[in-house]
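Below: the structure, in structure tokens.
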Amino acid sequence: MLKLIVKNGYLVDPSQGLEGKYDVLIENGKVKSIDKSIFIPDAEIVDVEGLIVSPGFIDIHVHFRDPGQTYKEDIASGSRCAVAGGFTTVVCMPNTNPPIDNPNVVDYILEKAKKVGLCRILPAGTITKGRKGKDLSDLYTLKNAGCVAFTDDGSPVMDSNIMRKAMELSAQLDRVILDHCEDDKLAYGAINEGEVSALLGLSERSPEAEEIQIARDGILAYHTGARVHIQHVSTSLGIELIKYFKERGVSITCEVNPNHIAFTEREILFCGGNARVNPPLRKEKDRKALIEAIREGIIDCFATDHAPHQTFEKEIVEFSSPGIIGLQTALPMALELYRKGIIPLKRVIELFTINPAKILGLELGSLKPGKPADITIFDPSREWVLNEETNFSKSRNTPLWNKILKGKVIYTIKEGKIVYKD
Ligand code: DOR
Ligand code: ZN
């Protein structure tokens with residue numbers, strides 16, 4: 001019997017209200033027990049004195065570009081980024097080529113993920129065939145093939161009738177809709193509509209593009225009873241709307257991309273295309289509203305929207321591919337909120353663990369005995385630089401390239417196996 005003890009760490013597990021110095025005993029890939037001090041003669045020991053021990057992080061929004069655009073990322077390189085960032089489970093978006101709109105693509109991803117064997121990769125299937133917004137995908141078949149959620153991420157579902165049908169079906173199938181909210185008639189351009197777009201003469205994406213779709217889909221969720229999760233909310237009114245629906249008992253949740261709480265549209269002036277993302281970086285008032293929403297509990301989880309693109313695809317802002325890599329930078333960015341005293345450490349961890357697990361309806365994000373031993377162990381004050389040596393992605397599109405980051409994952413354990421060690 002394989003036994004491993006994670007010893008002397010400072011455990012923070014919001015799913016069971018645990019915080020303090022504890023040892024964790026792992027047996028056959030599962031959490032066996034948690035206690036003040038565990039001694040077992042035949043167990044392997046990992047001494048993590050001075051480090052934080054958390055349930056394995058879950059990222060419900062990554063783009064691994066596999067199949068189809070593996071020059072940007074693939075399932076192997078994406079998995080390496082994930083575990084280096086502390087993520088033991090990720091949900092990969094279906095805007096691949098071909099898209100995840102049929103069981104063959106799901107099989108391909110699950111098989112490759114298994115071969116790589118680093119993190120749990122759960123595919124999301126498309127809402128519409130080919131992500132074209134015209135015909136509903138076969139959601140039933142996609143669920144049976146292994147899709148944990150449905151989304152046309154990268155594009156909105158513009159047809160309200162199709163979205164309504166998708167919600168009705170997903171409610172029956174007990175799956176969540178991951179909702180990319182941007183009305184594409186209003187969000188046609190490169191960056192946020194504001195002073196930077198005016199200054200640089202760039203095409204625009206307005207905040208109301210996002211807000212209109214949040215309002216519509218909150219209303220559809222109210223009527224259909226579906227679970228709707230708003231992806232990468234980025235505006236202050238967007239937050240207000242989500243709060244409105246939550247207060248009325250609608251099954252609506254939301255995520256924030258750490259880049260939206262760290263940067264504003266002004267980042268374009270410093271980083272050009274590497275600061276271009278959809279929805280775009282917004283204004284200071286939006287950034288502040290997102291932080292406040294994290295503090296108040298309106299935002300349910302962090303999601304990286306890890307979106308790798310090559311340097312040549314980022315050169316000219318107006319024509320650049322939107323997206324920022326984020327798996328390795330998410331923890332240090334989130335820890336800034338803890339360091340500034342805005343939220344306690346247990347809230348940071350809740351936003352990476354039990355909350356995303358609940359959104360997906362997965363029995364993960366917790367170290368209760370009997371659960372899979374997925375564990376993230378980090379040093380909140382270790383400084384490091386994301387550069388050629390430390391980056392595991394095939395791409396390097398982030399404003400944080402070559403910057404000093406604070407907070408580093410030291411071990412990632414998946415089902416009792418060490419899958420990353422600093
Ligand atoms: O910035 C983005 N990049 N937003 C999306 O919704 C899609 C993503 C991508 O696939 O690159
Ligand atoms: Zn998106």
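Simple scheme: letters A, B, ... for chains in structure tokens order, numbers from 1 for residues in each chain, numbers from 1 for ligands in the order shown.
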
Per-residue nearest contacts chain A to ligand 2, cut-off 6 Å, using only C-alpha atoms and all ligand atoms, as JSON lines:
{"residue": "A:Asp153", "atom": "CA", "partner": "ligand 2", "partner_atom_place_in_ligand_line": "1 (Zn)", "distance": 4.5}
{"residue": "A:Gly154", "atom": "CA", "partner": "ligand 2", "partner_atom_place_in_ligand_line": "1 (Zn)", "distance": 4.5}
{"residue": "A:His180", "atom": "CA", "partner": "ligand 2", "partner_atom_place_in_ligand_line": "1 (Zn)", "distance": 4.9}

Set the cut-off to 10 Å, count only C-alpha atoms and all ligand atoms, and list whatever residues fall near ligand 1 as a PyMOL selection string.
chain A and resi 61-65+72+93-96+152-156+179-182+231-232+275-281+305-309+321-325

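Non-sequential neighbours of region 376-387 of chain A (distance at most 7 Å, separation of 4 or more positions within a chain, only C-alpha atoms) are Leu51, Ile52, Val53, Ser54, Pro55, Gly56, Phe57, Gly86, Asn391, Trp401, Asn402, Lys403, Ile404, Leu405, Lys406, Gly407, Lys408, Val409, Ile410, Tyr411, Thr412 and Ile413 of chain A.
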
If you take only C-alpha atoms and a cut-off of 8 Å, which residues of region 255-287 of chain A touch region 328-337 of chain A, and what are their nearest atom pairs and distances in Å to one decimal, in chain and number order, as a Markdown table?
| residue | atom | partner | partner_atom | distance |
| --- | --- | --- | --- | --- |
| A:Pro258 | CA | A:Ala330 | CA | 6.2 |
| A:Asn259 | CA | A:Met333 | CA | 7.9 |
| A:Ala262 | CA | A:Met333 | CA | 7.2 |

Would you export the selected residues with C-alpha atoms as a short mmCIF file (atom, residue, chain, number, x, y, z; two decimals), in the first residue's frame, please?
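Saved as selection.cif:
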data_model
loop_
_atom_site.label_atom_id
_atom_site.label_comp_id
_atom_site.auth_asym_id
_atom_site.auth_seq_id
_atom_site.Cartn_x
_atom_site.Cartn_y
_atom_site.Cartn_z
CA PRO A 258 -6.66 37.72 -12.24
CA ASN A 259 -5.46 39.97 -15.08
CA ALA A 262 -4.29 43.59 -11.70
#

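In this model, the gap between CA of Gly225 (chain A) and CA of Cys147 (chain A) comes to 20.2 Å.
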
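Take the candidates A:Gly249, A:Gly297, A:Gly189, A:Gly78 and check each one against Gly117 (chain A) using only C-alpha atoms; the shortest distance goes to A:Gly78.
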
In Å and to one decimal, CA of Gly125 (chain A) is distant from CA of Asp101 (chain A) by 5.7 Å

* Asked: Contacts of Val228 (chain A) at 12 Å or less, counting only C-alpha atoms, minus same-chain residues fewer than 4 places along, as a PyMOL selection string?
  -> chain A and resi 149-151+163-164+166-168+170-171+174-181+213-224+242+245-246+250-255+359-360

Selection from above, N, CA and C atoms, as a short mmCIF file (atom, residue, chain, number, x, y, z; two decimals), in the first residue's frame, can you write it?
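And here's part_33.cif as it stands now:
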data_model
loop_
_atom_site.label_atom_id
_atom_site.label_comp_id
_atom_site.auth_asym_id
_atom_site.auth_seq_id
_atom_site.Cartn_x
_atom_site.Cartn_y
_atom_site.Cartn_z
N ALA A 149 -19.17 20.51 -18.95
CA ALA A 149 -19.88 21.79 -19.06
C ALA A 149 -20.03 22.10 -20.55
N PHE A 150 -20.82 23.13 -20.84
CA PHE A 150 -21.01 23.56 -22.24
C PHE A 150 -20.71 25.04 -22.38
N THR A 151 -20.04 25.39 -23.48
CA THR A 151 -19.69 26.79 -23.71
C THR A 151 -19.30 27.00 -25.17
N MET A 163 -29.85 29.99 -27.03
CA MET A 163 -29.34 29.98 -25.65
C MET A 163 -30.40 29.44 -24.70
N ARG A 164 -31.65 29.82 -24.93
CA ARG A 164 -32.72 29.32 -24.07
C ARG A 164 -32.83 27.79 -24.16
N ALA A 166 -30.47 25.75 -25.05
CA ALA A 166 -29.26 25.17 -24.44
C ALA A 166 -29.40 25.12 -22.92
N MET A 167 -30.00 26.15 -22.37
CA MET A 167 -30.18 26.17 -20.91
C MET A 167 -31.19 25.11 -20.48
N GLU A 168 -32.28 24.99 -21.24
CA GLU A 168 -33.28 23.97 -20.87
C GLU A 168 -32.65 22.58 -20.87
N SER A 170 -29.36 21.80 -20.73
CA SER A 170 -28.27 21.64 -19.75
C SER A 170 -28.84 21.47 -18.35
N ALA A 171 -30.00 22.08 -18.09
CA ALA A 171 -30.64 21.87 -16.78
C ALA A 171 -31.07 20.41 -16.64
N ASP A 174 -28.08 18.29 -16.05
CA ASP A 174 -27.35 18.69 -14.85
C ASP A 174 -25.90 19.12 -15.17
N ARG A 175 -25.79 19.96 -16.16
CA ARG A 175 -24.49 20.52 -16.53
C ARG A 175 -24.59 22.04 -16.51
N VAL A 176 -23.45 22.68 -16.23
CA VAL A 176 -23.44 24.14 -16.16
C VAL A 176 -23.08 24.72 -17.53
N ILE A 177 -23.66 25.88 -17.83
CA ILE A 177 -23.29 26.64 -19.04
C ILE A 177 -22.20 27.63 -18.62
N LEU A 178 -21.05 27.57 -19.30
CA LEU A 178 -19.99 28.55 -19.06
C LEU A 178 -20.17 29.63 -20.13
N ASP A 179 -20.48 30.83 -19.68
CA ASP A 179 -21.06 31.82 -20.58
C ASP A 179 -20.08 32.95 -20.91
N HIS A 180 -19.64 32.97 -22.16
CA HIS A 180 -18.82 34.09 -22.65
C HIS A 180 -19.77 35.20 -23.07
N CYS A 181 -19.83 36.25 -22.27
CA CYS A 181 -20.80 37.32 -22.48
C CYS A 181 -20.17 38.51 -23.19
N GLN A 213 -25.40 41.01 -22.32
CA GLN A 213 -25.48 39.54 -22.36
C GLN A 213 -25.62 38.93 -20.97
N ILE A 214 -24.99 39.55 -19.98
CA ILE A 214 -25.17 39.06 -18.60
C ILE A 214 -26.65 39.20 -18.22
N ALA A 215 -27.22 40.37 -18.56
CA ALA A 215 -28.64 40.61 -18.23
C ALA A 215 -29.52 39.58 -18.94
N ARG A 216 -29.30 39.38 -20.23
CA ARG A 216 -30.12 38.42 -20.98
C ARG A 216 -30.01 37.02 -20.37
N ASP A 217 -28.79 36.60 -20.10
CA ASP A 217 -28.62 35.22 -19.66
C ASP A 217 -29.03 35.02 -18.20
N GLY A 218 -28.98 36.08 -17.40
CA GLY A 218 -29.56 36.01 -16.05
C GLY A 218 -31.06 35.79 -16.16
N ILE A 219 -31.69 36.49 -17.08
CA ILE A 219 -33.14 36.35 -17.29
C ILE A 219 -33.47 34.94 -17.80
N LEU A 220 -32.69 34.45 -18.75
CA LEU A 220 -32.93 33.09 -19.27
C LEU A 220 -32.71 32.04 -18.17
N ALA A 221 -31.73 32.26 -17.33
CA ALA A 221 -31.48 31.31 -16.24
C ALA A 221 -32.63 31.33 -15.24
N TYR A 222 -33.16 32.51 -15.01
CA TYR A 222 -34.32 32.67 -14.11
C TYR A 222 -35.50 31.84 -14.62
N HIS A 223 -35.74 31.90 -15.91
CA HIS A 223 -36.91 31.21 -16.47
C HIS A 223 -36.68 29.72 -16.69
N THR A 224 -35.43 29.34 -17.00
CA THR A 224 -35.20 27.92 -17.31
C THR A 224 -34.74 27.12 -16.10
N ILE A 242 -25.01 40.60 -11.82
CA ILE A 242 -24.87 39.25 -11.25
C ILE A 242 -25.40 39.24 -9.82
N PHE A 245 -29.21 39.10 -9.80
CA PHE A 245 -29.79 37.77 -10.05
C PHE A 245 -29.54 36.83 -8.88
N LYS A 246 -28.34 36.93 -8.29
CA LYS A 246 -28.05 36.06 -7.13
C LYS A 246 -29.05 36.32 -6.01
N VAL A 250 -31.46 33.11 -8.53
CA VAL A 250 -31.11 32.51 -9.82
C VAL A 250 -29.78 31.74 -9.65
N SER A 251 -29.66 30.58 -10.33
CA SER A 251 -28.42 29.78 -10.24
C SER A 251 -27.34 30.41 -11.11
N ILE A 252 -26.82 31.51 -10.67
CA ILE A 252 -25.81 32.21 -11.45
C ILE A 252 -24.53 32.35 -10.62
N THR A 253 -23.41 32.04 -11.24
CA THR A 253 -22.11 32.20 -10.57
C THR A 253 -21.21 32.97 -11.53
N CYS A 254 -20.05 33.36 -11.04
CA CYS A 254 -19.12 34.06 -11.95
C CYS A 254 -17.68 33.89 -11.53
N GLU A 255 -16.83 34.10 -12.51
CA GLU A 255 -15.38 34.00 -12.28
C GLU A 255 -14.72 35.32 -12.62
N ILE A 359 -19.15 24.73 -8.60
CA ILE A 359 -19.74 25.25 -9.85
C ILE A 359 -19.89 24.12 -10.87
N LEU A 360 -18.89 23.25 -10.92
CA LEU A 360 -18.93 22.14 -11.88
C LEU A 360 -19.71 20.95 -11.35
#

query = region 34-87 of chain A: which residues are helix (DSSP H, G or I) by DSSP, as a PyMOL selection string?
reply = chain A and resi 75-84

What lies within 6 Å of Ser236 (chain A) using only C-alpha atoms, ignoring chain neighbours under 3 positions off, as a ChimeraX atom specification?
/A:239,286,289

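Between CA of Ser366 (chain A) and CA of Lys21 (chain A) there is a distance of 16.7 Å.
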
Contacts of Ser37 (chain A) within 9 Å, only C-alpha atoms, excl. fewer than 5 positions in-chain, as a PyMOL selection string:
chain A and resi 7-8+21-24
